[in-house]
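*Asks:* Below: one structure in structure tokens.
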Amino acid sequence: MSKQNAAVAMQTKVLTADETARAVALLQSGGLVAFPTETVYGLGADATSDAAVARIFEAKNRPAFNPLIVHLADAAMIPRIAEMPEAARKLATLWPGPLTLVLPLRPDSGLSPLVTAGLQTVAVRIPAQPLAHKLLAGFGGPVAAPSANPSGRVSATTALHVLDGLSGRIAAVIDGGGCAVGLESTIIGFDGQTPVLLRAGGVPVEEITAITGPLGKARGAGISAPGQLRSHYAPKVGLRINADKPRANEGWLGFGPTEHPTPGLNLSLSGDLVEAAATLFDALRKMDAICLRHGFAGFAVAPIPRTGLGLAINDRLTRAAAPRG
């Protein structure tokens, strides 16, 4: 049996919230464990183990040039792996929560080079979800954890979503119910002491700038943090964004009090961006099923305001609609 087939043949355990100790033991043995955070489900591995981190890339079919976020139980653990510029310390007041900071990597961090994709920086997050905190505290070290889904596909916000994409490829998933935020974390990097937005996410940019003032612009076109691939978060069918109405062969993903006869869903009838963010990835998955059932080639998406969490929603939809390699 080939190595790839062996991975597919693995039996994925579904653990309850009371079985965190089992999940910790699996991580300690080099296994992959999906776990809920307030943003999306993460696919965790011991960030200091080359073999364990390599299994993340294998299970997700993730390109090796795409770095991973390191999750920690609390900010007191950061000095072990990274430096904290003064500007980063100010933003750390938003932890625990859906914020990732890209920090200078310590030479003696002990992290697998696969985590940082060879960069001299590391992306760090302190999640707020209680089960995630319990798992990380029990493990007692850095856990590398991208979203728990096949690379480029829709992120998972329930344990069933995880199993749909990764069953047989990972050791376990902790079923902690749905994710409250539903979008990945906001990622902030630093150009000297100037914060730079690298990915919009669960913390609205307005909350960041209230602390830091105006954000700087990212330099260069290379990958400097997770979630920057042009094509990402993609459903199986195509989608067309910023549409005023669906075409004859399209489903419809609405926002606000809009009505269309075409089969589809609405992210939030009341136009609530928080509700829309929390339901986005589940809606993209359901739109796949609706389009396949009705023989549609894809679906159209109503315009979403580019304020607050709408900036992150538009980022995900733009990447989901991008041409696929």
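Just remember, in the structure tokens the first chain shown is A, the second B, etc., residues are 1-based per chain, and ligands are 1-based in the order shown.
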Tell me, as a PyMOL selection string, which residues lie within 12 Å of Arg169 in chain A, counting only C-alpha atoms; anything in the same chain fewer than 2 positions away does not count.

*Replies:* chain A and resi 3-13+31-34+43+55-61+148-150+162-167+171-173

*Asks:* Those residues you just picked out, can you put them in a file as a CSV table (one decimal), in the first residue's frame with N, CA and C atoms?

*Replies:*
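Wrote out.csv, looks like this:
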chain,number,residue,atom,x,y,z
A,3,LYS,N,2.1,5.2,0.5
A,3,LYS,CA,2.0,6.1,1.6
A,3,LYS,C,0.7,6.9,1.6
A,4,GLN,N,0.3,7.4,0.3
A,4,GLN,CA,-0.9,8.2,0.2
A,4,GLN,C,-2.1,7.3,0.5
A,5,ASN,N,-2.2,6.1,0.0
A,5,ASN,CA,-3.3,5.2,0.3
A,5,ASN,C,-3.4,4.9,1.8
A,6,ALA,N,-2.3,4.8,2.4
A,6,ALA,CA,-2.3,4.5,3.8
A,6,ALA,C,-2.9,5.6,4.6
A,7,ALA,N,-2.7,6.9,4.2
A,7,ALA,CA,-3.3,8.0,4.8
A,7,ALA,C,-4.8,8.0,4.7
A,8,VAL,N,-5.2,7.6,3.5
A,8,VAL,CA,-6.7,7.6,3.2
A,8,VAL,C,-7.3,6.5,4.0
A,9,ALA,N,-6.6,5.4,4.3
A,9,ALA,CA,-7.2,4.3,5.1
A,9,ALA,C,-7.3,4.6,6.6
A,10,MET,N,-6.7,5.6,7.1
A,10,MET,CA,-6.7,5.9,8.5
A,10,MET,C,-8.2,6.1,9.0
A,11,GLN,N,-8.5,5.7,10.2
A,11,GLN,CA,-9.8,5.9,10.8
A,11,GLN,C,-9.8,7.1,11.6
A,12,THR,N,-10.6,8.1,11.3
A,12,THR,CA,-10.6,9.4,12.0
A,12,THR,C,-11.6,9.3,13.1
A,13,LYS,N,-11.1,9.5,14.4
A,13,LYS,CA,-12.0,9.5,15.6
A,13,LYS,C,-12.7,10.8,15.7
A,31,GLY,N,0.2,12.9,15.8
A,31,GLY,CA,-1.0,12.8,15.0
A,31,GLY,C,-1.6,14.2,14.7
A,32,LEU,N,-2.5,14.2,13.8
A,32,LEU,CA,-3.3,15.4,13.4
A,32,LEU,C,-4.6,15.4,14.1
A,33,VAL,N,-5.0,16.5,14.7
A,33,VAL,CA,-6.3,16.7,15.4
A,33,VAL,C,-7.0,18.0,15.0
A,34,ALA,N,-8.1,17.8,14.4
A,34,ALA,CA,-8.9,19.0,14.1
A,34,ALA,C,-9.7,19.5,15.3
A,43,LEU,N,-6.6,22.5,11.9
A,43,LEU,CA,-6.0,21.2,11.8
A,43,LEU,C,-4.7,21.2,12.5
A,55,ARG,N,2.7,16.1,7.9
A,55,ARG,CA,1.4,15.4,7.7
A,55,ARG,C,0.3,16.4,7.4
A,56,ILE,N,0.4,17.6,8.0
A,56,ILE,CA,-0.6,18.7,7.6
A,56,ILE,C,-0.7,18.9,6.2
A,57,PHE,N,0.5,19.2,5.6
A,57,PHE,CA,0.6,19.5,4.2
A,57,PHE,C,0.1,18.3,3.3
A,58,GLU,N,0.4,17.1,3.8
A,58,GLU,CA,0.0,15.9,3.0
A,58,GLU,C,-1.5,15.7,3.1
A,59,ALA,N,-2.1,15.9,4.3
A,59,ALA,CA,-3.5,15.6,4.5
A,59,ALA,C,-4.3,16.7,3.7
A,60,LYS,N,-3.9,17.9,3.7
A,60,LYS,CA,-4.6,19.0,3.0
A,60,LYS,C,-4.2,19.2,1.6
A,61,ASN,N,-3.1,18.5,1.1
A,61,ASN,CA,-2.6,18.8,-0.2
A,61,ASN,C,-2.3,20.2,-0.3
A,148,ALA,N,-9.1,23.3,8.8
A,148,ALA,CA,-9.2,21.9,8.6
A,148,ALA,C,-10.1,21.5,7.4
A,149,ASN,N,-9.5,21.7,6.2
A,149,ASN,CA,-10.2,21.4,5.0
A,149,ASN,C,-9.1,21.2,3.9
A,150,PRO,N,-9.5,20.5,2.8
A,150,PRO,CA,-8.5,20.4,1.7
A,150,PRO,C,-8.1,21.7,1.2
A,162,VAL,N,-15.4,19.1,8.6
A,162,VAL,CA,-14.1,18.6,8.7
A,162,VAL,C,-14.1,17.1,8.1
A,163,LEU,N,-15.0,16.3,8.5
A,163,LEU,CA,-15.0,14.9,8.1
A,163,LEU,C,-15.3,14.9,6.6
A,164,ASP,N,-16.1,15.8,6.1
A,164,ASP,CA,-16.4,15.8,4.7
A,164,ASP,C,-15.2,15.9,3.8
A,165,GLY,N,-14.2,16.6,4.3
A,165,GLY,CA,-13.0,16.9,3.5
A,165,GLY,C,-11.8,16.0,3.9
A,166,LEU,N,-11.7,15.7,5.2
A,166,LEU,CA,-10.5,15.1,5.7
A,166,LEU,C,-10.6,13.7,6.4
A,167,SER,N,-11.9,13.2,6.4
A,167,SER,CA,-12.0,11.9,7.0
A,167,SER,C,-11.1,10.8,6.4
A,171,ALA,N,-6.1,12.0,12.4
A,171,ALA,CA,-6.3,11.1,13.5
A,171,ALA,C,-7.7,11.3,14.2
A,172,ALA,N,-8.1,12.6,14.4
A,172,ALA,CA,-9.3,12.9,15.1
A,172,ALA,C,-9.8,14.3,14.8
A,173,VAL,N,-11.1,14.5,15.2
A,173,VAL,CA,-11.7,15.8,15.2
A,173,VAL,C,-12.4,15.9,16.5

*Asks:* Please identify all polymer residues within 9 Å of range 256-265 of chain A, counting only C-alpha atoms, omitting same-chain residues fewer than 3 positions from it, and present them as a PyMOL selection string.

*Replies:* chain A and resi 245-248+250-253+268-272+283+286-287+290-291+294+299+302+304

*Asks:* Those residues with N, CA and C atoms, as a PDB file, in the first residue's frame please?

*Replies:*
ATOM      1  N   LYS A 245     -28.551  40.203  -9.769  1.00  0.00           N
ATOM      2  CA  LYS A 245     -29.537  39.137  -9.880  1.00  0.00           C
ATOM      3  C   LYS A 245     -28.867  37.920 -10.517  1.00  0.00           C
ATOM      4  N   PRO A 246     -29.451  36.733 -10.343  1.00  0.00           N
ATOM      5  CA  PRO A 246     -28.876  35.532 -10.958  1.00  0.00           C
ATOM      6  C   PRO A 246     -29.228  35.428 -12.435  1.00  0.00           C
ATOM      7  N   ARG A 247     -28.401  34.720 -13.173  1.00  0.00           N
ATOM      8  CA  ARG A 247     -28.706  34.403 -14.563  1.00  0.00           C
ATOM      9  C   ARG A 247     -29.549  33.130 -14.618  1.00  0.00           C
ATOM     10  N   ALA A 248     -29.943  32.766 -15.816  1.00  0.00           N
ATOM     11  CA  ALA A 248     -30.879  31.647 -15.982  1.00  0.00           C
ATOM     12  C   ALA A 248     -30.328  30.329 -15.445  1.00  0.00           C
ATOM     13  N   GLU A 250     -28.055  29.952 -12.936  1.00  0.00           N
ATOM     14  CA  GLU A 250     -27.340  30.177 -11.690  1.00  0.00           C
ATOM     15  C   GLU A 250     -28.252  30.061 -10.469  1.00  0.00           C
ATOM     16  N   GLY A 251     -27.669  29.594  -9.367  1.00  0.00           N
ATOM     17  CA  GLY A 251     -28.302  29.716  -8.071  1.00  0.00           C
ATOM     18  C   GLY A 251     -28.064  31.123  -7.533  1.00  0.00           C
ATOM     19  N   TRP A 252     -28.614  31.401  -6.354  1.00  0.00           N
ATOM     20  CA  TRP A 252     -28.520  32.761  -5.801  1.00  0.00           C
ATOM     21  C   TRP A 252     -28.172  32.725  -4.332  1.00  0.00           C
ATOM     22  N   LEU A 253     -27.106  33.453  -3.972  1.00  0.00           N
ATOM     23  CA  LEU A 253     -26.731  33.644  -2.574  1.00  0.00           C
ATOM     24  C   LEU A 253     -26.934  35.113  -2.256  1.00  0.00           C
ATOM     25  N   SER A 268     -27.977  36.787   5.223  1.00  0.00           N
ATOM     26  CA  SER A 268     -28.648  37.478   6.322  1.00  0.00           C
ATOM     27  C   SER A 268     -29.765  38.337   5.746  1.00  0.00           C
ATOM     28  N   LEU A 269     -31.006  37.942   5.981  1.00  0.00           N
ATOM     29  CA  LEU A 269     -32.147  38.705   5.475  1.00  0.00           C
ATOM     30  C   LEU A 269     -32.181  40.117   6.050  1.00  0.00           C
ATOM     31  N   SER A 270     -31.646  40.271   7.261  1.00  0.00           N
ATOM     32  CA  SER A 270     -31.663  41.587   7.902  1.00  0.00           C
ATOM     33  C   SER A 270     -30.455  42.439   7.523  1.00  0.00           C
ATOM     34  N   GLY A 271     -29.535  41.879   6.740  1.00  0.00           N
ATOM     35  CA  GLY A 271     -28.338  42.625   6.371  1.00  0.00           C
ATOM     36  C   GLY A 271     -27.323  42.740   7.490  1.00  0.00           C
ATOM     37  N   ASP A 272     -27.286  41.734   8.384  1.00  0.00           N
ATOM     38  CA  ASP A 272     -26.367  41.722   9.530  1.00  0.00           C
ATOM     39  C   ASP A 272     -25.051  41.076   9.089  1.00  0.00           C
ATOM     40  N   ALA A 283     -22.862  28.294   3.996  1.00  0.00           N
ATOM     41  CA  ALA A 283     -23.697  28.643   2.845  1.00  0.00           C
ATOM     42  C   ALA A 283     -23.017  28.268   1.528  1.00  0.00           C
ATOM     43  N   LYS A 286     -23.525  24.611   1.067  1.00  0.00           N
ATOM     44  CA  LYS A 286     -24.916  24.298   0.718  1.00  0.00           C
ATOM     45  C   LYS A 286     -25.244  24.741  -0.705  1.00  0.00           C
ATOM     46  N   MET A 287     -24.635  25.833  -1.163  1.00  0.00           N
ATOM     47  CA  MET A 287     -24.868  26.278  -2.533  1.00  0.00           C
ATOM     48  C   MET A 287     -24.319  25.269  -3.537  1.00  0.00           C
ATOM     49  N   ILE A 290     -27.089  22.730  -3.791  1.00  0.00           N
ATOM     50  CA  ILE A 290     -28.242  23.279  -4.503  1.00  0.00           C
ATOM     51  C   ILE A 290     -27.971  23.330  -6.015  1.00  0.00           C
ATOM     52  N   CYS A 291     -26.797  23.801  -6.385  1.00  0.00           N
ATOM     53  CA  CYS A 291     -26.466  23.917  -7.813  1.00  0.00           C
ATOM     54  C   CYS A 291     -26.386  22.550  -8.475  1.00  0.00           C
ATOM     55  N   HIS A 294     -29.908  21.158  -9.030  1.00  0.00           N
ATOM     56  CA  HIS A 294     -30.690  21.824 -10.068  1.00  0.00           C
ATOM     57  C   HIS A 294     -29.964  21.890 -11.408  1.00  0.00           C
ATOM     58  N   PHE A 299     -23.319  29.809  -9.064  1.00  0.00           N
ATOM     59  CA  PHE A 299     -24.295  30.688  -8.438  1.00  0.00           C
ATOM     60  C   PHE A 299     -23.761  32.114  -8.382  1.00  0.00           C
ATOM     61  N   ALA A 302     -24.938  38.241  -4.095  1.00  0.00           N
ATOM     62  CA  ALA A 302     -25.316  39.650  -3.981  1.00  0.00           C
ATOM     63  C   ALA A 302     -24.149  40.475  -3.434  1.00  0.00           C
ATOM     64  N   ILE A 304     -21.927  42.680  -1.010  1.00  0.00           N
ATOM     65  CA  ILE A 304     -21.796  42.750   0.445  1.00  0.00           C
ATOM     66  C   ILE A 304     -21.091  44.063   0.776  1.00  0.00           C
TER      67      ILE A 304
END

*Asks:* Quick one: DSSP alpha helix (DSSP H) residues in range 111-250 of chain A, as a ChimeraX atom specification?

*Replies:* /A:113-116,130-139,159-166,205-212

*Asks:* Would you mind exporting C-alpha atoms of the selected residues as a PDB file, in the first residue's frame?

*Replies:*
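Result file follows (out.pdb):
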ATOM      1  CA  PRO A 113      10.927  25.183   9.272  1.00  0.00           C
ATOM      2  CA  LEU A 114       7.865  23.836   7.463  1.00  0.00           C
ATOM      3  CA  VAL A 115       5.673  25.991   9.735  1.00  0.00           C
ATOM      4  CA  THR A 116       7.167  29.261   8.487  1.00  0.00           C
ATOM      5  CA  PRO A 130     -12.788  27.365  25.364  1.00  0.00           C
ATOM      6  CA  LEU A 131     -12.162  23.923  23.827  1.00  0.00           C
ATOM      7  CA  ALA A 132      -9.274  25.270  21.773  1.00  0.00           C
ATOM      8  CA  HIS A 133      -7.761  26.839  24.900  1.00  0.00           C
ATOM      9  CA  LYS A 134      -8.186  23.607  26.849  1.00  0.00           C
ATOM     10  CA  LEU A 135      -6.467  21.606  24.122  1.00  0.00           C
ATOM     11  CA  LEU A 136      -3.586  24.064  23.767  1.00  0.00           C
ATOM     12  CA  ALA A 137      -3.089  24.380  27.512  1.00  0.00           C
ATOM     13  CA  GLY A 138      -3.090  20.600  27.848  1.00  0.00           C
ATOM     14  CA  PHE A 139      -0.525  20.246  25.074  1.00  0.00           C
ATOM     15  CA  ALA A 159     -17.017  18.803  12.716  1.00  0.00           C
ATOM     16  CA  LEU A 160     -19.110  17.381   9.866  1.00  0.00           C
ATOM     17  CA  HIS A 161     -17.455  19.819   7.476  1.00  0.00           C
ATOM     18  CA  VAL A 162     -14.067  18.550   8.656  1.00  0.00           C
ATOM     19  CA  LEU A 163     -15.048  14.936   8.086  1.00  0.00           C
ATOM     20  CA  ASP A 164     -16.449  15.766   4.663  1.00  0.00           C
ATOM     21  CA  GLY A 165     -13.011  16.861   3.489  1.00  0.00           C
ATOM     22  CA  LEU A 166     -10.476  15.069   5.688  1.00  0.00           C
ATOM     23  CA  VAL A 205     -10.132  46.590  10.515  1.00  0.00           C
ATOM     24  CA  GLU A 206     -11.831  49.467  12.338  1.00  0.00           C
ATOM     25  CA  GLU A 207     -10.980  47.806  15.671  1.00  0.00           C
ATOM     26  CA  ILE A 208      -7.347  47.504  14.600  1.00  0.00           C
ATOM     27  CA  THR A 209      -6.986  51.109  13.467  1.00  0.00           C
ATOM     28  CA  ALA A 210      -8.656  52.359  16.652  1.00  0.00           C
ATOM     29  CA  ILE A 211      -5.548  51.037  18.433  1.00  0.00           C
ATOM     30  CA  THR A 212      -2.835  51.583  15.825  1.00  0.00           C
TER      31      THR A 212
END

*Asks:* Please identify which residues in range 76-247 of chain A DSSP calls strand (DSSP E) from the backbone, and express them as a PyMOL selection string.

*Replies:* chain A and resi 99-104+121-125+143-144+172-174+186-191+194-199+238-240

*Asks:* Selected residues, N, CA and C atoms, written as a compact mmCIF listing (two decimals), in the first residue's frame, please.

*Replies:*
# COMPACT_ATOMS: atom_id res chain seq x y z
N LEU A 99 -7.45 37.15 15.95
CA LEU A 99 -6.38 38.00 15.44
C LEU A 99 -5.09 37.21 15.38
N THR A 100 -4.38 37.30 14.24
CA THR A 100 -3.07 36.68 14.08
C THR A 100 -2.05 37.78 13.83
N LEU A 101 -0.93 37.71 14.54
CA LEU A 101 0.17 38.65 14.35
C LEU A 101 1.36 37.92 13.75
N VAL A 102 1.94 38.51 12.72
CA VAL A 102 3.14 37.94 12.08
C VAL A 102 4.35 38.61 12.72
N LEU A 103 5.12 37.84 13.46
CA LEU A 103 6.18 38.36 14.31
C LEU A 103 7.55 37.84 13.88
N PRO A 104 8.63 38.57 14.23
CA PRO A 104 9.98 38.08 13.95
C PRO A 104 10.24 36.76 14.68
N THR A 121 9.76 35.01 9.82
CA THR A 121 8.65 35.45 10.64
C THR A 121 7.75 34.26 10.93
N VAL A 122 6.93 34.40 11.97
CA VAL A 122 5.98 33.35 12.31
C VAL A 122 4.63 33.99 12.64
N ALA A 123 3.55 33.39 12.14
CA ALA A 123 2.19 33.86 12.42
C ALA A 123 1.70 33.22 13.70
N VAL A 124 1.23 34.03 14.64
CA VAL A 124 0.86 33.56 15.98
C VAL A 124 -0.55 34.01 16.33
N ARG A 125 -1.30 33.11 16.97
CA ARG A 125 -2.66 33.44 17.40
C ARG A 125 -2.95 32.80 18.75
N VAL A 143 1.15 24.78 18.63
CA VAL A 143 0.41 23.89 17.73
C VAL A 143 0.20 24.60 16.40
N ALA A 144 0.75 24.04 15.33
CA ALA A 144 0.51 24.58 14.00
C ALA A 144 -0.87 24.14 13.54
N ALA A 172 -8.07 12.59 14.35
CA ALA A 172 -9.30 12.86 15.10
C ALA A 172 -9.79 14.27 14.85
N VAL A 173 -11.07 14.47 15.19
CA VAL A 173 -11.66 15.80 15.22
C VAL A 173 -12.44 15.91 16.52
N ILE A 174 -12.27 17.04 17.21
CA ILE A 174 -13.06 17.32 18.41
C ILE A 174 -14.33 18.03 17.97
N THR A 186 -8.13 37.80 11.39
CA THR A 186 -7.46 38.93 10.75
C THR A 186 -5.96 38.74 10.96
N ILE A 187 -5.17 38.97 9.89
CA ILE A 187 -3.71 38.81 10.01
C ILE A 187 -3.05 40.17 9.83
N ILE A 188 -2.23 40.54 10.82
CA ILE A 188 -1.49 41.79 10.80
C ILE A 188 0.00 41.49 10.83
N GLY A 189 0.72 42.05 9.86
CA GLY A 189 2.18 41.99 9.87
C GLY A 189 2.73 43.36 10.24
N PHE A 190 4.06 43.50 10.20
CA PHE A 190 4.68 44.75 10.62
C PHE A 190 5.81 45.12 9.67
N ASP A 191 5.80 46.38 9.25
CA ASP A 191 6.90 46.96 8.49
C ASP A 191 7.61 47.89 9.46
N THR A 194 5.27 49.72 11.92
CA THR A 194 4.00 50.04 11.27
C THR A 194 3.20 48.77 11.00
N PRO A 195 2.01 48.64 11.58
CA PRO A 195 1.18 47.46 11.30
C PRO A 195 0.67 47.47 9.86
N VAL A 196 0.59 46.29 9.27
CA VAL A 196 0.16 46.13 7.88
C VAL A 196 -0.92 45.05 7.82
N LEU A 197 -2.02 45.34 7.15
CA LEU A 197 -3.08 44.34 6.99
C LEU A 197 -2.68 43.33 5.92
N LEU A 198 -2.53 42.06 6.31
CA LEU A 198 -2.18 40.99 5.37
C LEU A 198 -3.40 40.15 4.99
N ARG A 199 -4.40 40.10 5.87
CA ARG A 199 -5.66 39.41 5.55
C ARG A 199 -6.76 39.96 6.43
N GLY A 238 -18.77 27.05 -9.77
CA GLY A 238 -18.29 28.41 -9.90
C GLY A 238 -19.19 29.41 -9.19
N LEU A 239 -18.69 30.62 -8.98
CA LEU A 239 -19.54 31.66 -8.42
C LEU A 239 -19.18 33.01 -9.03
N ARG A 240 -20.17 33.89 -9.05
CA ARG A 240 -20.04 35.23 -9.61
C ARG A 240 -20.44 36.21 -8.53

*Asks:* Closest to Gly201 in chain A among A:Gly182, A:Gly110, A:Gly118, A:Pro63, using only C-alpha atoms?

*Replies:*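 Selected residue with least distance to Gly201 in chain A: A:Gly182.
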
*Asks:* Go through A:Ile69, A:Ile81, A:Leu15, A:Ile313 and flag the residue nearest Leu183 in chain A, using only C-alpha atoms for the distances.

*Replies:* A:Ile313

*Asks:* In terms of the shortest atom-to-atom distance over only C-alpha atoms, which of A:Thr318, A:Ser155, A:Ser112, A:Gln28 is closest to Thr279 in chain A?

*Replies:*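 Among the listed residues, A:Ser155 lies closest to Thr279 in chain A.
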
*Asks:* Pick from A:Asn242, A:Leu215, A:Thr158, A:Arg306: nearest to Arg285 in chain A, with only C-alpha atoms counted?

*Replies:* A:Thr158

*Asks:* A:Gly152, A:Gly202, A:Gly168, A:Gly176: which is nearest Pro235 in chain A, counting only C-alpha atoms?

*Replies:*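 Closest to Pro235 in chain A, using only C-alpha atoms: A:Gly152.
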